[in-house]
Amino acid sequence: MEAKVNQRSLNFDMTIPFGNEREANIAFNSLRVDKEPRRSGLSREMNQQDNKLIVKWEAMEARMLRVSVNGFLDHLALVTQTLAEFGPPVPIDTEISRQL
């Protein structure tokens with residue numbers, strides 16, 4: 001995690017490693033649907049790189065940054081708990097996916 005402050009904005013970067021690329025992809029697809037409101041003065045960029053989820057925030061106010069990061073971490077905790085509860089994801093190229 002890395003936080004940077006300049007005169008115009010606050011930046012926070014986070015890299016979250018997963019057990020494998022498929023789990024990272026499931027988390028990415030689950031978390032990307034929650035967009036930041038346009039009027040919030042905050043932007044969030046999220047990417048997946050191999051088995052890592054990379055998230056970058058930029059905000060004009062510390063309070064908005066804190067609220068966004070805390071909300072994201074709450075959702076991330078739910079995703080990781082769900083992955084743990086259901087076990088490792090089934091590979092995409094299995095017989096079941098061929099039937100779909």
# chains A, B, ... in the order shown; residues from 1 in each chain; ligands from 1

call {"tool": "select_by_dssp", "arguments": {"residues": "range 2-69 of chain A", "states": "alpha helix (DSSP H)", "output": "ChimeraX atom specification"}}
result
/A:21-31,62-69

call {"tool": "residues_around", "arguments": {"residues": "Ile16 in chain A", "least_positions_apart": "5", "cutoff": "10 Å", "atoms": "only C-alpha atoms", "output": "PyMOL selection string"}}
result
chain A and resi 1+24+48+51-55+76

call {"tool": "write_last_selection", "arguments": {"atoms": "N, CA and C atoms", "output": "PDB file, in the first residue's frame"}}
result
ATOM      1  N   MET A   1       0.843  -1.163   0.000  1.00  0.00           N
ATOM      2  CA  MET A   1       0.000   0.000   0.000  1.00  0.00           C
ATOM      3  C   MET A   1       0.892   1.231   0.000  1.00  0.00           C
ATOM      4  N   ALA A  24      -8.447 -13.885  -8.515  1.00  0.00           N
ATOM      5  CA  ALA A  24      -8.285 -12.444  -8.726  1.00  0.00           C
ATOM      6  C   ALA A  24      -9.306 -11.935  -9.737  1.00  0.00           C
ATOM      7  N   GLN A  48      -6.620  -5.858 -12.960  1.00  0.00           N
ATOM      8  CA  GLN A  48      -6.130  -7.168 -12.550  1.00  0.00           C
ATOM      9  C   GLN A  48      -4.854  -7.449 -13.323  1.00  0.00           C
ATOM     10  N   ASN A  51      -2.344 -12.718 -10.718  1.00  0.00           N
ATOM     11  CA  ASN A  51      -3.121 -13.068  -9.528  1.00  0.00           C
ATOM     12  C   ASN A  51      -3.280 -11.889  -8.567  1.00  0.00           C
ATOM     13  N   LYS A  52      -3.072 -10.679  -9.058  1.00  0.00           N
ATOM     14  CA  LYS A  52      -3.143  -9.496  -8.199  1.00  0.00           C
ATOM     15  C   LYS A  52      -4.236  -8.548  -8.666  1.00  0.00           C
ATOM     16  N   LEU A  53      -4.881  -7.934  -7.695  1.00  0.00           N
ATOM     17  CA  LEU A  53      -5.846  -6.877  -7.938  1.00  0.00           C
ATOM     18  C   LEU A  53      -5.154  -5.575  -7.558  1.00  0.00           C
ATOM     19  N   ILE A  54      -5.124  -4.618  -8.467  1.00  0.00           N
ATOM     20  CA  ILE A  54      -4.435  -3.353  -8.235  1.00  0.00           C
ATOM     21  C   ILE A  54      -5.476  -2.247  -8.242  1.00  0.00           C
ATOM     22  N   VAL A  55      -5.530  -1.492  -7.139  1.00  0.00           N
ATOM     23  CA  VAL A  55      -6.528  -0.444  -6.991  1.00  0.00           C
ATOM     24  C   VAL A  55      -5.817   0.863  -6.677  1.00  0.00           C
ATOM     25  N   LEU A  76     -14.396  -6.107  -0.323  1.00  0.00           N
ATOM     26  CA  LEU A  76     -13.316  -7.066  -0.552  1.00  0.00           C
ATOM     27  C   LEU A  76     -13.371  -8.200   0.471  1.00  0.00           C
TER      28      LEU A  76
END

call {"tool": "closest_residue", "arguments": {"among": "A:Thr15, A:Thr82, A:Ser9, A:Asn20", "to": "Glu45 in chain A", "atoms": "only C-alpha atoms"}}
result
A:Thr15

call {"tool": "atom_distance", "arguments": {"atom1": "CA of Glu61 in chain A", "atom2": "CA of Ala77 in chain A"}}
result
24.6 Å

call {"tool": "atom_distance", "arguments": {"atom1": "CA of Met60 in chain A", "atom2": "CA of Ser43 in chain A"}}
result
9.5 Å

call {"tool": "select_by_dssp", "arguments": {"residues": "chain A", "states": "strand (DSSP E or B)", "output": "PDB file with N, CA, C and O atoms, in the first residue's frame"}}
result
ATOM      1  N   GLU A   2       0.406   2.241  -0.692  1.00  0.00           N
ATOM      2  CA  GLU A   2       1.195   3.450  -0.796  1.00  0.00           C
ATOM      3  C   GLU A   2       0.258   4.647  -0.827  1.00  0.00           C
ATOM      4  O   GLU A   2      -0.728   4.667  -1.550  1.00  0.00           O
ATOM      5  N   ALA A   3       0.553   5.638   0.005  1.00  0.00           N
ATOM      6  CA  ALA A   3      -0.233   6.874   0.014  1.00  0.00           C
ATOM      7  C   ALA A   3       0.682   8.026  -0.351  1.00  0.00           C
ATOM      8  O   ALA A   3       1.797   8.126   0.161  1.00  0.00           O
ATOM      9  N   LYS A   4       0.218   8.881  -1.252  1.00  0.00           N
ATOM     10  CA  LYS A   4       0.984  10.051  -1.659  1.00  0.00           C
ATOM     11  C   LYS A   4       0.101  11.278  -1.525  1.00  0.00           C
ATOM     12  O   LYS A   4      -1.095  11.220  -1.797  1.00  0.00           O
ATOM     13  N   VAL A   5       0.698  12.391  -1.116  1.00  0.00           N
ATOM     14  CA  VAL A   5      -0.047  13.629  -0.986  1.00  0.00           C
ATOM     15  C   VAL A   5       0.650  14.689  -1.831  1.00  0.00           C
ATOM     16  O   VAL A   5       1.861  14.856  -1.761  1.00  0.00           O
ATOM     17  N   LEU A  10      -5.069  13.701  -3.053  1.00  0.00           N
ATOM     18  CA  LEU A  10      -4.542  12.612  -2.239  1.00  0.00           C
ATOM     19  C   LEU A  10      -4.625  11.341  -3.064  1.00  0.00           C
ATOM     20  O   LEU A  10      -5.637  11.091  -3.726  1.00  0.00           O
ATOM     21  N   ASN A  11      -3.580  10.538  -3.035  1.00  0.00           N
ATOM     22  CA  ASN A  11      -3.531   9.298  -3.804  1.00  0.00           C
ATOM     23  C   ASN A  11      -3.256   8.135  -2.864  1.00  0.00           C
ATOM     24  O   ASN A  11      -2.456   8.264  -1.938  1.00  0.00           O
ATOM     25  N   PHE A  12      -3.922   7.021  -3.141  1.00  0.00           N
ATOM     26  CA  PHE A  12      -3.709   5.806  -2.361  1.00  0.00           C
ATOM     27  C   PHE A  12      -3.719   4.625  -3.310  1.00  0.00           C
ATOM     28  O   PHE A  12      -4.652   4.477  -4.105  1.00  0.00           O
ATOM     29  N   ASP A  13      -2.684   3.800  -3.267  1.00  0.00           N
ATOM     30  CA  ASP A  13      -2.558   2.626  -4.129  1.00  0.00           C
ATOM     31  C   ASP A  13      -2.508   1.370  -3.271  1.00  0.00           C
ATOM     32  O   ASP A  13      -1.841   1.353  -2.235  1.00  0.00           O
ATOM     33  N   MET A  14      -3.189   0.316  -3.740  1.00  0.00           N
ATOM     34  CA  MET A  14      -3.217  -0.944  -3.005  1.00  0.00           C
ATOM     35  C   MET A  14      -3.100  -2.108  -3.987  1.00  0.00           C
ATOM     36  O   MET A  14      -3.735  -2.104  -5.040  1.00  0.00           O
ATOM     37  N   THR A  15      -2.286  -3.089  -3.634  1.00  0.00           N
ATOM     38  CA  THR A  15      -2.165  -4.315  -4.420  1.00  0.00           C
ATOM     39  C   THR A  15      -2.584  -5.482  -3.526  1.00  0.00           C
ATOM     40  O   THR A  15      -2.045  -5.649  -2.434  1.00  0.00           O
ATOM     41  N   ILE A  16      -3.567  -6.266  -4.003  1.00  0.00           N
ATOM     42  CA  ILE A  16      -4.096  -7.383  -3.232  1.00  0.00           C
ATOM     43  C   ILE A  16      -3.769  -8.680  -3.959  1.00  0.00           C
ATOM     44  O   ILE A  16      -4.272  -8.912  -5.059  1.00  0.00           O
ATOM     45  N   PRO A  17      -2.918  -9.541  -3.378  1.00  0.00           N
ATOM     46  CA  PRO A  17      -2.609 -10.822  -4.016  1.00  0.00           C
ATOM     47  C   PRO A  17      -3.681 -11.874  -3.696  1.00  0.00           C
ATOM     48  O   PRO A  17      -4.219 -11.908  -2.590  1.00  0.00           O
ATOM     49  N   LEU A  42     -13.729  12.114  -6.319  1.00  0.00           N
ATOM     50  CA  LEU A  42     -12.863  10.968  -6.086  1.00  0.00           C
ATOM     51  C   LEU A  42     -12.900  10.059  -7.308  1.00  0.00           C
ATOM     52  O   LEU A  42     -13.931   9.904  -7.944  1.00  0.00           O
ATOM     53  N   SER A  43     -11.756   9.493  -7.629  1.00  0.00           N
ATOM     54  CA  SER A  43     -11.734   8.507  -8.711  1.00  0.00           C
ATOM     55  C   SER A  43     -11.027   7.251  -8.215  1.00  0.00           C
ATOM     56  O   SER A  43     -10.135   7.319  -7.369  1.00  0.00           O
ATOM     57  N   ARG A  44     -11.489   6.120  -8.727  1.00  0.00           N
ATOM     58  CA  ARG A  44     -10.885   4.837  -8.374  1.00  0.00           C
ATOM     59  C   ARG A  44     -10.643   4.078  -9.665  1.00  0.00           C
ATOM     60  O   ARG A  44     -11.522   3.936 -10.504  1.00  0.00           O
ATOM     61  N   GLU A  45      -9.434   3.582  -9.807  1.00  0.00           N
ATOM     62  CA  GLU A  45      -9.059   2.763 -10.959  1.00  0.00           C
ATOM     63  C   GLU A  45      -8.679   1.386 -10.441  1.00  0.00           C
ATOM     64  O   GLU A  45      -7.876   1.262  -9.521  1.00  0.00           O
ATOM     65  N   MET A  46      -9.251   0.365 -11.059  1.00  0.00           N
ATOM     66  CA  MET A  46      -8.968  -0.994 -10.612  1.00  0.00           C
ATOM     67  C   MET A  46      -8.586  -1.848 -11.819  1.00  0.00           C
ATOM     68  O   MET A  46      -9.235  -1.788 -12.861  1.00  0.00           O
ATOM     69  N   ASN A  47      -7.523  -2.619 -11.667  1.00  0.00           N
ATOM     70  CA  ASN A  47      -7.035  -3.512 -12.719  1.00  0.00           C
ATOM     71  C   ASN A  47      -6.640  -4.842 -12.104  1.00  0.00           C
ATOM     72  O   ASN A  47      -6.336  -4.925 -10.918  1.00  0.00           O
ATOM     73  N   GLN A  48      -6.620  -5.858 -12.960  1.00  0.00           N
ATOM     74  CA  GLN A  48      -6.130  -7.168 -12.550  1.00  0.00           C
ATOM     75  C   GLN A  48      -4.854  -7.449 -13.323  1.00  0.00           C
ATOM     76  O   GLN A  48      -4.786  -7.242 -14.530  1.00  0.00           O
ATOM     77  N   GLN A  49      -3.841  -7.909 -12.615  1.00  0.00           N
ATOM     78  CA  GLN A  49      -2.580  -8.289 -13.239  1.00  0.00           C
ATOM     79  C   GLN A  49      -2.186  -9.651 -12.681  1.00  0.00           C
ATOM     80  O   GLN A  49      -1.811  -9.761 -11.510  1.00  0.00           O
ATOM     81  N   LYS A  52      -3.072 -10.679  -9.058  1.00  0.00           N
ATOM     82  CA  LYS A  52      -3.143  -9.496  -8.199  1.00  0.00           C
ATOM     83  C   LYS A  52      -4.236  -8.548  -8.666  1.00  0.00           C
ATOM     84  O   LYS A  52      -4.468  -8.364  -9.859  1.00  0.00           O
ATOM     85  N   LEU A  53      -4.881  -7.934  -7.695  1.00  0.00           N
ATOM     86  CA  LEU A  53      -5.846  -6.877  -7.938  1.00  0.00           C
ATOM     87  C   LEU A  53      -5.154  -5.575  -7.558  1.00  0.00           C
ATOM     88  O   LEU A  53      -4.625  -5.458  -6.445  1.00  0.00           O
ATOM     89  N   ILE A  54      -5.124  -4.618  -8.467  1.00  0.00           N
ATOM     90  CA  ILE A  54      -4.435  -3.353  -8.235  1.00  0.00           C
ATOM     91  C   ILE A  54      -5.476  -2.247  -8.242  1.00  0.00           C
ATOM     92  O   ILE A  54      -6.224  -2.088  -9.205  1.00  0.00           O
ATOM     93  N   VAL A  55      -5.530  -1.492  -7.139  1.00  0.00           N
ATOM     94  CA  VAL A  55      -6.528  -0.444  -6.991  1.00  0.00           C
ATOM     95  C   VAL A  55      -5.817   0.863  -6.677  1.00  0.00           C
ATOM     96  O   VAL A  55      -4.908   0.910  -5.848  1.00  0.00           O
ATOM     97  N   LYS A  56      -6.248   1.941  -7.373  1.00  0.00           N
ATOM     98  CA  LYS A  56      -5.666   3.271  -7.169  1.00  0.00           C
ATOM     99  C   LYS A  56      -6.794   4.274  -6.967  1.00  0.00           C
ATOM    100  O   LYS A  56      -7.743   4.301  -7.735  1.00  0.00           O
ATOM    101  N   TRP A  57      -6.666   5.055  -5.921  1.00  0.00           N
ATOM    102  CA  TRP A  57      -7.628   6.108  -5.634  1.00  0.00           C
ATOM    103  C   TRP A  57      -6.961   7.469  -5.774  1.00  0.00           C
ATOM    104  O   TRP A  57      -5.774   7.622  -5.487  1.00  0.00           O
ATOM    105  N   GLU A  58      -7.756   8.451  -6.140  1.00  0.00           N
ATOM    106  CA  GLU A  58      -7.323   9.845  -6.130  1.00  0.00           C
ATOM    107  C   GLU A  58      -8.508  10.665  -5.637  1.00  0.00           C
ATOM    108  O   GLU A  58      -9.624  10.528  -6.148  1.00  0.00           O
ATOM    109  N   ALA A  59      -8.280  11.500  -4.621  1.00  0.00           N
ATOM    110  CA  ALA A  59      -9.364  12.279  -4.029  1.00  0.00           C
ATOM    111  C   ALA A  59      -8.879  13.678  -3.677  1.00  0.00           C
ATOM    112  O   ALA A  59      -7.690  13.897  -3.461  1.00  0.00           O
TER     113      ALA A  59
END

call {"tool": "residues_around", "arguments": {"residues": "Asp34 in chain A", "least_positions_apart": "4", "cutoff": "10 Å", "atoms": "only C-alpha atoms", "output": "list in words"}}
result
Ser30, Gly71, Phe72 and His75 of chain A

call {"tool": "atom_distance", "arguments": {"atom1": "CA of Asp50 in chain A", "atom2": "CA of Leu83 in chain A"}}
result
17.3 Å

call {"tool": "residues_around", "arguments": {"residues": "Ala84 in chain A", "least_positions_apart": "5", "cutoff": "12 Å", "atoms": "only C-alpha atoms", "output": "list in words"}}
result
Phe18, Gly19, Glu23, Ala27, Ala77, Leu78, Val79 and Pro89 of chain A

call {"tool": "write_last_selection", "arguments": {"atoms": "N, CA and C atoms", "output": "PDB file, in the first residue's frame"}}
result
ATOM      1  N   PHE A  18      -3.982 -12.707  -4.670  1.00  0.00           N
ATOM      2  CA  PHE A  18      -4.906 -13.825  -4.498  1.00  0.00           C
ATOM      3  C   PHE A  18      -4.149 -15.124  -4.740  1.00  0.00           C
ATOM      4  N   GLY A  19      -4.769 -16.230  -4.397  1.00  0.00           N
ATOM      5  CA  GLY A  19      -4.131 -17.534  -4.536  1.00  0.00           C
ATOM      6  C   GLY A  19      -3.813 -17.902  -5.975  1.00  0.00           C
ATOM      7  N   GLU A  23      -9.097 -16.548  -9.062  1.00  0.00           N
ATOM      8  CA  GLU A  23      -9.670 -15.888  -7.885  1.00  0.00           C
ATOM      9  C   GLU A  23      -9.571 -14.372  -8.019  1.00  0.00           C
ATOM     10  N   ALA A  27     -12.759 -11.738  -8.076  1.00  0.00           N
ATOM     11  CA  ALA A  27     -12.809 -10.557  -7.214  1.00  0.00           C
ATOM     12  C   ALA A  27     -12.919  -9.285  -8.047  1.00  0.00           C
ATOM     13  N   ALA A  77     -13.632  -7.860   1.723  1.00  0.00           N
ATOM     14  CA  ALA A  77     -13.741  -8.882   2.764  1.00  0.00           C
ATOM     15  C   ALA A  77     -14.881  -9.850   2.451  1.00  0.00           C
ATOM     16  N   LEU A  78     -15.998  -9.328   1.978  1.00  0.00           N
ATOM     17  CA  LEU A  78     -17.132 -10.182   1.621  1.00  0.00           C
ATOM     18  C   LEU A  78     -16.775 -11.113   0.459  1.00  0.00           C
ATOM     19  N   VAL A  79     -16.089 -10.582  -0.547  1.00  0.00           N
ATOM     20  CA  VAL A  79     -15.681 -11.397  -1.699  1.00  0.00           C
ATOM     21  C   VAL A  79     -14.716 -12.497  -1.264  1.00  0.00           C
ATOM     22  N   PRO A  89     -12.105 -21.894  -7.144  1.00  0.00           N
ATOM     23  CA  PRO A  89     -12.974 -21.828  -8.322  1.00  0.00           C
ATOM     24  C   PRO A  89     -12.670 -22.941  -9.313  1.00  0.00           C
TER      25      PRO A  89
END

call {"tool": "closest_residue", "arguments": {"among": "A:Glu85, A:Val90, A:Asp74, A:Ser68", "to": "Lys35 in chain A", "atoms": "only C-alpha atoms"}}
result
A:Ser68
